[in-house]
Amino acid sequence: MSDIITVNNLYKIFGENPKKAIEALEEGKTKDEILQELKQVVGVQKINFSVREGETFVLMGLSGSGKSTLQRLINRLHEPTSGEIIINGTDIVKLNQKELREFRRNTFCGMVFQNFAILPHRTVLGNVEFGLELQGVDKEVRQEKARKMIEQVGLKGNEDSYPSQLSGGMQQRVGLARGLAVDAPILLMDEAFSALDPLIRRQMQDELIELQSTMKKTILFVTHDLDEAFRIGDRIAIMKDGEIVQIGSAEEIISRPSNDYVKAFVEDMDRAAVLTAGTIMQPAKEIAFTGDGPRTILRKMKRNGLSGIFMIDSKRDLKGYILADELAENLKKHQKEDDVPFDKSLLREASKVDQDEALSDVINAYHDSEYGPIAVVDDKNRLRGVIVRGAIIAALSQDPEAIDEGKINTGSPESLGTDNTGEQDNKS
Ligand SMILES: Nc1ncnc2c1ncn2[C@@H]1O[C@H](COP(=O)(O)OP(=O)(O)OP(=O)(O)O)[C@@H](O)[C@H]1O
């Protein structure tokens with residue numbers, strides 16, 4: 001995916017003397033000190049990031065952290081104090097007003113706001129076609145597009161209703177349909193779902209994810225809600241005092257917060273719902289191959305102190321799990337033979353999860369597993385890694401270093417249930 005928006009060293013100072021404020025920032029003064037001493041408000045500072053085409057990129061932060069200011073700079077509703085904003089190869093800071101109008105029309109779908117900002121005297125259809133009308137699209141074409149979009153957001157049958165006849169959730173669908181109907185690559189959403197009650201809000205988030213999977217717009221979404229950011233964002237930029245303090249996927253931010261501020265922020269998150277099997281797995285260091293003889297496999301296990309081992313074929317296709325005790329028992333029966341083939345009845349079904357499955361699913365798989373480690377596979381059943389009990393505990397214990405090191409935490413959380421896997425856990 002190529003970058004559609006690139007922002008370089010962007011500043012926005014509100015006040016009469018922005019140059020002085022930027023100098024003070026460079027000297028290390030804080031936003032508060034600059035407000036006190038210079039009476040200048042730092043909107044955003046030292047902003048550098050890129051958004052990829054088709055990505056849902058979320059600006060997240062507390063009130064006053066600068067997220068709305070940053071979003072408004074991106075379509076130049078605010079004039080930057082300094083810096084570059086390159087969209088599709090054009091530095092929009094350099095455009096004159098006429099060029100800017102044209103550029104906006106072809107680039108932005110318009111904005112979806114918290115207060116819906118729909119026109120009260122227009123019907124649903126009239127509202128949804130409005131953006132296309134501004135673009136100068138013919139009535140017939142725009143109404144056909146608008147009707148399609150109304151259907152996609154689940155409002156079919158309400159084309160002729162007026163906003164006052166609709167619930168909050170329905171009004172926001174109108175706003176969303178209006179934004180999405182416009183044939184432009186970037187959709188800006190500012191706290192779009194914040195006024196909705198929690199259940200409807202979640203529904204709208206799900207629908208946005210669903211719509212986005214077919215529409216593939218680039219969405220720049222502002223929210224103060226971390227749950228929302230993590231649910232819908234491919235990547236999230238966390239802002240504080242006008243600065244971006246971390247950019248990453250939900251998993252990256254949760255498992256590796258860049259500083260104490262972010263760490264405190266994500267502490268209350270439901271980590272089990274956000275981390276995936278792929279994030280917490282470790283490489284499968286010792287594996288048995290289908291061509292290996294049983295003695296070789298047993299030697300491998302003994303050498304590494306393993307009580308079980310996964311077997312794969314030459315394409316890494318996962319074949320099953322072998323228990324050392326059972327293999328040793330089986331080999332005793334063939335002590336005097338030279339060339340013993342591997343007895344396929346020793347191959348047990350491996351406990352496995354897909355690499356994209358959430359930690360909560362991994363925990364369930366662990367519960368159901370009879371013999372310990374969980375294999376992590378891709379969509380072709382190829383072995384990608386293993387998850388041992390210690391990694392699950394480390395992931396739940398909010399200790400990023402423990403995840404890196406696969407460190408065992410001796411505290412056994414009830415959520416993992418009975419430890420029927422004994423010593424084999426950390427050994428595959
Ligand atoms: N037009 C303006 N004039 C002066 N200061 C402004 C203006 N707009 C924003 N600010 C200041 O810039 C800073 C960032 O504000 P901004 O609205 O971008 O934050 P936010 O993270 O979007 O917060 P919220 O969620 O409350 O909207 C704040 O200190 C705010 O007071």
# chains A, B, ... in the order shown; residues from 1 in each chain; ligands from 1

$ residues_near_ligand --ligand "ligand 1" --cutoff "9 Å" --atoms "only C-alpha atoms and all ligand atoms" --output "mmCIF file with C-alpha atoms, in the first residue's frame"
data_model
loop_
_atom_site.group_PDB
_atom_site.id
_atom_site.type_symbol
_atom_site.label_atom_id
_atom_site.label_comp_id
_atom_site.auth_asym_id
_atom_site.auth_seq_id
_atom_site.Cartn_x
_atom_site.Cartn_y
_atom_site.Cartn_z
ATOM 1 C CA LYS A 12 -0.123 24.969 14.368
ATOM 2 C CA ILE A 13 0.108 27.780 16.892
ATOM 3 C CA PHE A 14 -3.000 29.800 17.705
ATOM 4 C CA GLY A 15 -1.983 33.384 18.561
ATOM 5 C CA LYS A 31 2.594 23.738 25.861
ATOM 6 C CA GLN A 40 0.165 31.406 22.557
ATOM 7 C CA VAL A 41 -1.800 28.172 22.229
ATOM 8 C CA VAL A 42 0.061 25.200 20.800
ATOM 9 C CA GLY A 43 -2.515 23.399 18.638
ATOM 10 C CA VAL A 44 -0.192 20.755 17.224
ATOM 11 C CA LEU A 59 -6.211 10.205 15.795
ATOM 12 C CA MET A 60 -6.812 9.471 19.468
ATOM 13 C CA GLY A 61 -6.245 11.606 22.542
ATOM 14 C CA LEU A 62 -7.875 13.406 25.439
ATOM 15 C CA SER A 63 -9.766 16.653 25.005
ATOM 16 C CA GLY A 64 -7.377 19.407 23.915
ATOM 17 C CA SER A 65 -4.659 17.026 22.718
ATOM 18 C CA GLY A 66 -4.893 18.437 19.197
ATOM 19 C CA LYS A 67 -6.630 15.721 17.211
ATOM 20 C CA SER A 68 -9.353 17.918 15.689
ATOM 21 C CA THR A 69 -6.823 20.632 14.916
ATOM 22 C CA LEU A 70 -4.660 18.079 13.125
ATOM 23 C CA GLN A 71 -7.581 16.732 11.132
ATOM 24 C CA ARG A 72 -8.603 20.259 10.136
ATOM 25 C CA HIS A 78 -6.877 25.505 9.546
ATOM 26 C CA ASP A 190 -14.654 13.708 13.701
ATOM 27 C CA GLU A 191 -16.039 11.990 16.826
ATOM 28 C CA VAL A 222 -10.845 11.366 15.300
ATOM 29 C CA THR A 223 -11.936 9.961 18.652
ATOM 30 C CA HIS A 224 -11.196 10.348 22.354
ATOM 31 C CA MET A 239 -1.779 12.433 20.860
ATOM 32 C CA LYS A 240 -0.818 14.448 23.920
ATOM 33 C CA ASP A 241 -0.259 18.207 24.201
ATOM 34 C CA GLY A 242 -0.397 18.612 20.426
#

$ residues_around --residues "Val7 of chain A" --least-positions-apart "6" --cutoff "7 Å" --atoms "only C-alpha atoms" --output "JSON, numbers by chain"
{"A": [47, 48, 49, 50, 84, 85, 86]}

$ write_last_selection --atoms "C-alpha atoms" --output "compact mmCIF listing (two decimals), in the first residue's frame"
# COMPACT_ATOMS: atom_id res chain seq x y z
CA ILE A 47 3.83 16.20 13.67
CA ASN A 48 5.27 13.57 11.33
CA PHE A 49 3.27 10.65 10.01
CA SER A 50 1.95 8.98 6.88
CA GLU A 84 4.22 20.15 4.84
CA ILE A 85 1.00 18.23 4.17
CA ILE A 86 1.46 16.09 1.07

$ residues_around --residues "Glu55 of chain A" --least-positions-apart "4" --cutoff "8 Å" --atoms "only C-alpha atoms" --output "count of residues only"
7

$ select_by_dssp --residues "segment 156-237 of chain A" --states "strand (DSSP E)" --output "list in words"
Ile186, Leu187, Leu188, Met189, Asp190, Thr218, Ile219, Leu220, Phe221, Val222, Thr223, Arg235, Ile236 and Ala237 of chain A

$ write_last_selection --atoms "C-alpha atoms" --output "mmCIF file, in the first residue's frame"
data_model
loop_
_atom_site.group_PDB
_atom_site.id
_atom_site.type_symbol
_atom_site.label_atom_id
_atom_site.label_comp_id
_atom_site.auth_asym_id
_atom_site.auth_seq_id
_atom_site.Cartn_x
_atom_site.Cartn_y
_atom_site.Cartn_z
ATOM 1 C CA ILE A 186 -10.389 10.375 1.767
ATOM 2 C CA LEU A 187 -13.177 10.400 4.352
ATOM 3 C CA LEU A 188 -12.755 12.543 7.461
ATOM 4 C CA MET A 189 -14.729 11.567 10.552
ATOM 5 C CA ASP A 190 -14.654 13.708 13.701
ATOM 6 C CA THR A 218 -8.816 6.141 3.335
ATOM 7 C CA ILE A 219 -10.438 7.187 6.604
ATOM 8 C CA LEU A 220 -8.974 9.680 9.050
ATOM 9 C CA PHE A 221 -11.034 9.168 12.193
ATOM 10 C CA VAL A 222 -10.845 11.366 15.300
ATOM 11 C CA THR A 223 -11.936 9.961 18.652
ATOM 12 C CA ARG A 235 -3.282 2.155 12.984
ATOM 13 C CA ILE A 236 -3.766 4.673 15.735
ATOM 14 C CA ALA A 237 -1.822 7.846 16.524
#

$ residues_around --residues "segment 273-283 of chain A" --least-positions-apart "5" --cutoff "6 Å" --atoms "only C-alpha atoms" --output "PDB file with C-alpha atoms, in the first residue's frame"
ATOM      1  CA  GLU A 251      -1.571  -4.771  19.165  1.00  0.00           C
ATOM      2  CA  GLN A 355      -2.474 -16.506  13.738  1.00  0.00           C
ATOM      3  CA  ASP A 356      -5.178 -13.788  13.566  1.00  0.00           C
ATOM      4  CA  GLU A 357      -7.238 -15.144  16.437  1.00  0.00           C
ATOM      5  CA  ALA A 358      -7.598 -13.017  19.544  1.00  0.00           C
ATOM      6  CA  LEU A 359      -5.843 -13.840  22.791  1.00  0.00           C
ATOM      7  CA  SER A 360      -9.258 -14.685  24.247  1.00  0.00           C
ATOM      8  CA  GLY A 385       4.873 -20.543  15.737  1.00  0.00           C
ATOM      9  CA  VAL A 386       3.884 -21.893  19.108  1.00  0.00           C
ATOM     10  CA  ILE A 387       2.239 -20.443  22.170  1.00  0.00           C
TER      11      ILE A 387
END

$ select_by_dssp --residues "segment 143-353 of chain A" --states "alpha helix (DSSP H)" --output "PyMOL selection string"
chain A and resi 143-152+168-181+198-215+226-232+250-255+260-266+271-274+277-280+294-303+324-332

$ residues_around --residues "Leu10 of chain A" --least-positions-apart "2" --cutoff "6 Å" --atoms "only C-alpha atoms" --output "JSON, numbers by chain"
{"A": [8, 46, 47, 82, 83]}

$ write_last_selection --atoms "N, CA and C atoms" --output "PDB file, in the first residue's frame"
ATOM      1  N   ASN A   8       4.820  16.341   7.270  1.00  0.00           N
ATOM      2  CA  ASN A   8       6.201  16.544   7.718  1.00  0.00           C
ATOM      3  C   ASN A   8       6.319  17.780   8.599  1.00  0.00           C
ATOM      4  N   LYS A  46       5.405  19.405  16.007  1.00  0.00           N
ATOM      5  CA  LYS A  46       6.331  18.329  15.582  1.00  0.00           C
ATOM      6  C   LYS A  46       5.601  17.106  15.049  1.00  0.00           C
ATOM      7  N   ILE A  47       4.636  17.333  14.152  1.00  0.00           N
ATOM      8  CA  ILE A  47       3.829  16.201  13.669  1.00  0.00           C
ATOM      9  C   ILE A  47       4.448  15.596  12.414  1.00  0.00           C
ATOM     10  N   SER A  82       3.614  26.049  10.212  1.00  0.00           N
ATOM     11  CA  SER A  82       4.722  25.595   9.361  1.00  0.00           C
ATOM     12  C   SER A  82       4.619  24.097   9.148  1.00  0.00           C
ATOM     13  N   GLY A  83       5.316  23.634   8.116  1.00  0.00           N
ATOM     14  CA  GLY A  83       5.312  22.198   7.830  1.00  0.00           C
ATOM     15  C   GLY A  83       4.691  21.874   6.485  1.00  0.00           C
TER      16      GLY A  83
END

$ atom_distance --atom1 "atom CA of Leu119 of chain A" --atom2 "atom CA of Pro163 of chain A"
7.6 Å

$ closest_residue --among "A:Tyr371, A:Phe57, A:Phe310, A:Tyr162" --to "Glu228 of chain A" --atoms "only C-alpha atoms"
A:Phe57

$ residues_around --residues "Asn158 of chain A" --least-positions-apart "6" --cutoff "12 Å" --atoms "only C-alpha atoms" --output "JSON, numbers by chain"
{"A": [123, 124, 125, 126, 127, 128, 147, 150, 151, 165, 166, 167, 170, 171, 173, 174]}

$ closest_residue --among "A:Asp91, A:Glu129, A:Glu16, A:Asp183" --to "Leu38 of chain A" --atoms "only C-alpha atoms"
A:Glu16

$ atom_distance --atom1 "atom CA of Val112 of chain A" --atom2 "atom CA of Ala192 of chain A"
5.7 Å

$ atom_distance --atom1 "atom CA of Ala117 of chain A" --atom2 "atom CA of Ile5 of chain A"
25.4 Å

$ residues_around --residues "segment 295-309 of chain A" --least-positions-apart "3" --cutoff "12 Å" --atoms "only C-alpha atoms" --output "PyMOL selection string"
chain A and resi 284-292+312+318-332+334-335+337-343+346-351+370-375+386+421-428

$ decode --residues "segment 331-378 of chain A" --atoms "N, CA and C atoms" --output "mmCIF file, in the first residue's frame"
data_model
loop_
_atom_site.group_PDB
_atom_site.id
_atom_site.type_symbol
_atom_site.label_atom_id
_atom_site.label_comp_id
_atom_site.auth_asym_id
_atom_site.auth_seq_id
_atom_site.Cartn_x
_atom_site.Cartn_y
_atom_site.Cartn_z
ATOM 1 N N LEU A 331 8.815 -47.290 20.977
ATOM 2 C CA LEU A 331 10.140 -47.719 20.503
ATOM 3 C C LEU A 331 10.668 -48.925 21.284
ATOM 4 N N LYS A 332 10.228 -49.034 22.554
ATOM 5 C CA LYS A 332 10.660 -50.183 23.362
ATOM 6 C C LYS A 332 10.275 -51.492 22.681
ATOM 7 N N LYS A 333 9.114 -51.453 22.013
ATOM 8 C CA LYS A 333 8.615 -52.669 21.345
ATOM 9 C C LYS A 333 9.483 -53.043 20.144
ATOM 10 N N HIS A 334 10.247 -52.093 19.655
ATOM 11 C CA HIS A 334 11.032 -52.355 18.438
ATOM 12 C C HIS A 334 12.535 -52.299 18.715
ATOM 13 N N GLN A 335 12.903 -52.552 19.999
ATOM 14 C CA GLN A 335 14.305 -52.360 20.404
ATOM 15 C C GLN A 335 15.321 -53.053 19.503
ATOM 16 N N LYS A 336 14.973 -54.256 19.070
ATOM 17 C CA LYS A 336 15.968 -55.037 18.323
ATOM 18 C C LYS A 336 15.991 -54.755 16.823
ATOM 19 N N GLU A 337 15.036 -53.975 16.379
ATOM 20 C CA GLU A 337 14.979 -53.720 14.926
ATOM 21 C C GLU A 337 15.880 -52.543 14.534
ATOM 22 N N ASP A 338 16.407 -52.606 13.327
ATOM 23 C CA ASP A 338 17.291 -51.532 12.859
ATOM 24 C C ASP A 338 16.503 -50.337 12.321
ATOM 25 N N ASP A 339 15.661 -50.645 11.363
ATOM 26 C CA ASP A 339 14.993 -49.562 10.640
ATOM 27 C C ASP A 339 13.525 -49.490 11.032
ATOM 28 N N VAL A 340 13.222 -48.679 12.030
ATOM 29 C CA VAL A 340 11.823 -48.618 12.484
ATOM 30 C C VAL A 340 11.124 -47.434 11.826
ATOM 31 N N PRO A 341 10.014 -47.686 11.124
ATOM 32 C CA PRO A 341 9.291 -46.535 10.555
ATOM 33 C C PRO A 341 8.480 -45.830 11.635
ATOM 34 N N PHE A 342 8.159 -44.578 11.391
ATOM 35 C CA PHE A 342 7.362 -43.829 12.360
ATOM 36 C C PHE A 342 5.930 -44.360 12.348
ATOM 37 N N ASP A 343 5.412 -44.686 13.515
ATOM 38 C CA ASP A 343 4.065 -45.229 13.649
ATOM 39 C C ASP A 343 3.050 -44.078 13.699
ATOM 40 N N LYS A 344 2.270 -43.961 12.641
ATOM 41 C CA LYS A 344 1.382 -42.799 12.514
ATOM 42 C C LYS A 344 0.312 -42.725 13.603
ATOM 43 N N SER A 345 0.072 -43.871 14.250
ATOM 44 C CA SER A 345 -0.947 -43.837 15.305
ATOM 45 C C SER A 345 -0.471 -43.005 16.513
ATOM 46 N N LEU A 346 0.837 -42.687 16.516
ATOM 47 C CA LEU A 346 1.367 -41.854 17.614
ATOM 48 C C LEU A 346 1.047 -40.373 17.418
ATOM 49 N N LEU A 347 0.563 -40.071 16.214
ATOM 50 C CA LEU A 347 0.328 -38.664 15.887
ATOM 51 C C LEU A 347 -1.014 -38.218 16.443
ATOM 52 N N ARG A 348 -0.959 -37.361 17.446
ATOM 53 C CA ARG A 348 -2.207 -36.852 18.024
ATOM 54 C C ARG A 348 -2.600 -35.556 17.328
ATOM 55 N N GLU A 349 -3.856 -35.235 17.454
ATOM 56 C CA GLU A 349 -4.313 -33.983 16.840
ATOM 57 C C GLU A 349 -3.709 -32.802 17.607
ATOM 58 N N ALA A 350 -3.110 -31.880 16.886
ATOM 59 C CA ALA A 350 -2.473 -30.735 17.557
ATOM 60 C C ALA A 350 -3.526 -29.701 17.952
ATOM 61 N N SER A 351 -3.352 -29.083 19.127
ATOM 62 C CA SER A 351 -4.214 -27.942 19.478
ATOM 63 C C SER A 351 -3.672 -26.770 18.698
ATOM 64 N N LYS A 352 -4.550 -26.108 17.956
ATOM 65 C CA LYS A 352 -4.019 -25.030 17.124
ATOM 66 C C LYS A 352 -4.985 -23.855 17.043
ATOM 67 N N VAL A 353 -4.423 -22.697 16.743
ATOM 68 C CA VAL A 353 -5.236 -21.498 16.500
ATOM 69 C C VAL A 353 -4.687 -20.821 15.248
ATOM 70 N N ASP A 354 -5.550 -20.021 14.643
ATOM 71 C CA ASP A 354 -5.122 -19.236 13.500
ATOM 72 C C ASP A 354 -4.314 -18.045 14.009
ATOM 73 N N GLN A 355 -3.335 -17.598 13.240
ATOM 74 C CA GLN A 355 -2.474 -16.506 13.738
ATOM 75 C C GLN A 355 -3.239 -15.201 13.996
ATOM 76 N N ASP A 356 -4.416 -15.022 13.352
ATOM 77 C CA ASP A 356 -5.178 -13.788 13.566
ATOM 78 C C ASP A 356 -6.162 -13.876 14.729
ATOM 79 N N GLU A 357 -6.242 -15.024 15.362
ATOM 80 C CA GLU A 357 -7.238 -15.144 16.437
ATOM 81 C C GLU A 357 -6.819 -14.364 17.667
ATOM 82 N N ALA A 358 -7.850 -13.856 18.369
ATOM 83 C CA ALA A 358 -7.598 -13.017 19.544
ATOM 84 C C ALA A 358 -7.078 -13.855 20.706
ATOM 85 N N LEU A 359 -6.393 -13.157 21.613
ATOM 86 C CA LEU A 359 -5.843 -13.840 22.791
ATOM 87 C C LEU A 359 -6.948 -14.596 23.543
ATOM 88 N N SER A 360 -8.157 -14.011 23.550
ATOM 89 C CA SER A 360 -9.258 -14.685 24.247
ATOM 90 C C SER A 360 -9.527 -16.065 23.627
ATOM 91 N N ASP A 361 -9.389 -16.166 22.301
ATOM 92 C CA ASP A 361 -9.588 -17.469 21.649
ATOM 93 C C ASP A 361 -8.430 -18.420 21.965
ATOM 94 N N VAL A 362 -7.239 -17.826 22.096
ATOM 95 C CA VAL A 362 -6.074 -18.654 22.445
ATOM 96 C C VAL A 362 -6.292 -19.268 23.828
ATOM 97 N N ILE A 363 -6.824 -18.440 24.736
ATOM 98 C CA ILE A 363 -7.064 -18.934 26.100
ATOM 99 C C ILE A 363 -8.070 -20.093 26.059
ATOM 100 N N ASN A 364 -9.099 -19.942 25.244
ATOM 101 C CA ASN A 364 -10.081 -21.028 25.110
ATOM 102 C C ASN A 364 -9.423 -22.287 24.559
ATOM 103 N N ALA A 365 -8.582 -22.105 23.539
ATOM 104 C CA ALA A 365 -7.908 -23.263 22.948
ATOM 105 C C ALA A 365 -7.025 -23.928 24.001
ATOM 106 N N TYR A 366 -6.416 -23.093 24.836
ATOM 107 C CA TYR A 366 -5.530 -23.633 25.872
ATOM 108 C C TYR A 366 -6.318 -24.452 26.889
ATOM 109 N N HIS A 367 -7.492 -23.937 27.230
ATOM 110 C CA HIS A 367 -8.398 -24.651 28.124
ATOM 111 C C HIS A 367 -8.712 -26.031 27.599
ATOM 112 N N ASP A 368 -9.005 -26.086 26.281
ATOM 113 C CA ASP A 368 -9.460 -27.330 25.670
ATOM 114 C C ASP A 368 -8.306 -28.269 25.338
ATOM 115 N N SER A 369 -7.095 -27.739 25.378
ATOM 116 C CA SER A 369 -5.960 -28.544 24.956
ATOM 117 C C SER A 369 -5.610 -29.599 25.995
ATOM 118 N N GLU A 370 -5.380 -30.831 25.513
ATOM 119 C CA GLU A 370 -5.044 -31.902 26.456
ATOM 120 C C GLU A 370 -3.570 -31.898 26.806
ATOM 121 N N TYR A 371 -2.742 -31.458 25.844
ATOM 122 C CA TYR A 371 -1.316 -31.654 26.109
ATOM 123 C C TYR A 371 -0.437 -30.429 25.960
ATOM 124 N N GLY A 372 -0.940 -29.262 26.213
ATOM 125 C CA GLY A 372 0.042 -28.200 26.354
ATOM 126 C C GLY A 372 0.095 -27.159 25.281
ATOM 127 N N PRO A 373 1.231 -27.037 24.623
ATOM 128 C CA PRO A 373 1.419 -25.870 23.767
ATOM 129 C C PRO A 373 0.420 -25.823 22.614
ATOM 130 N N ILE A 374 0.188 -24.616 22.132
ATOM 131 C CA ILE A 374 -0.766 -24.412 21.048
ATOM 132 C C ILE A 374 0.039 -24.076 19.790
ATOM 133 N N ALA A 375 -0.304 -24.724 18.698
ATOM 134 C CA ALA A 375 0.349 -24.391 17.436
ATOM 135 C C ALA A 375 -0.372 -23.201 16.818
ATOM 136 N N VAL A 376 0.400 -22.284 16.223
ATOM 137 C CA VAL A 376 -0.204 -21.153 15.519
ATOM 138 C C VAL A 376 -0.002 -21.397 14.024
ATOM 139 N N VAL A 377 -1.112 -21.422 13.290
ATOM 140 C CA VAL A 377 -1.025 -21.732 11.864
ATOM 141 C C VAL A 377 -1.588 -20.587 11.025
ATOM 142 N N ASP A 378 -1.195 -20.554 9.748
ATOM 143 C CA ASP A 378 -1.787 -19.559 8.842
ATOM 144 C C ASP A 378 -2.995 -20.180 8.145
#
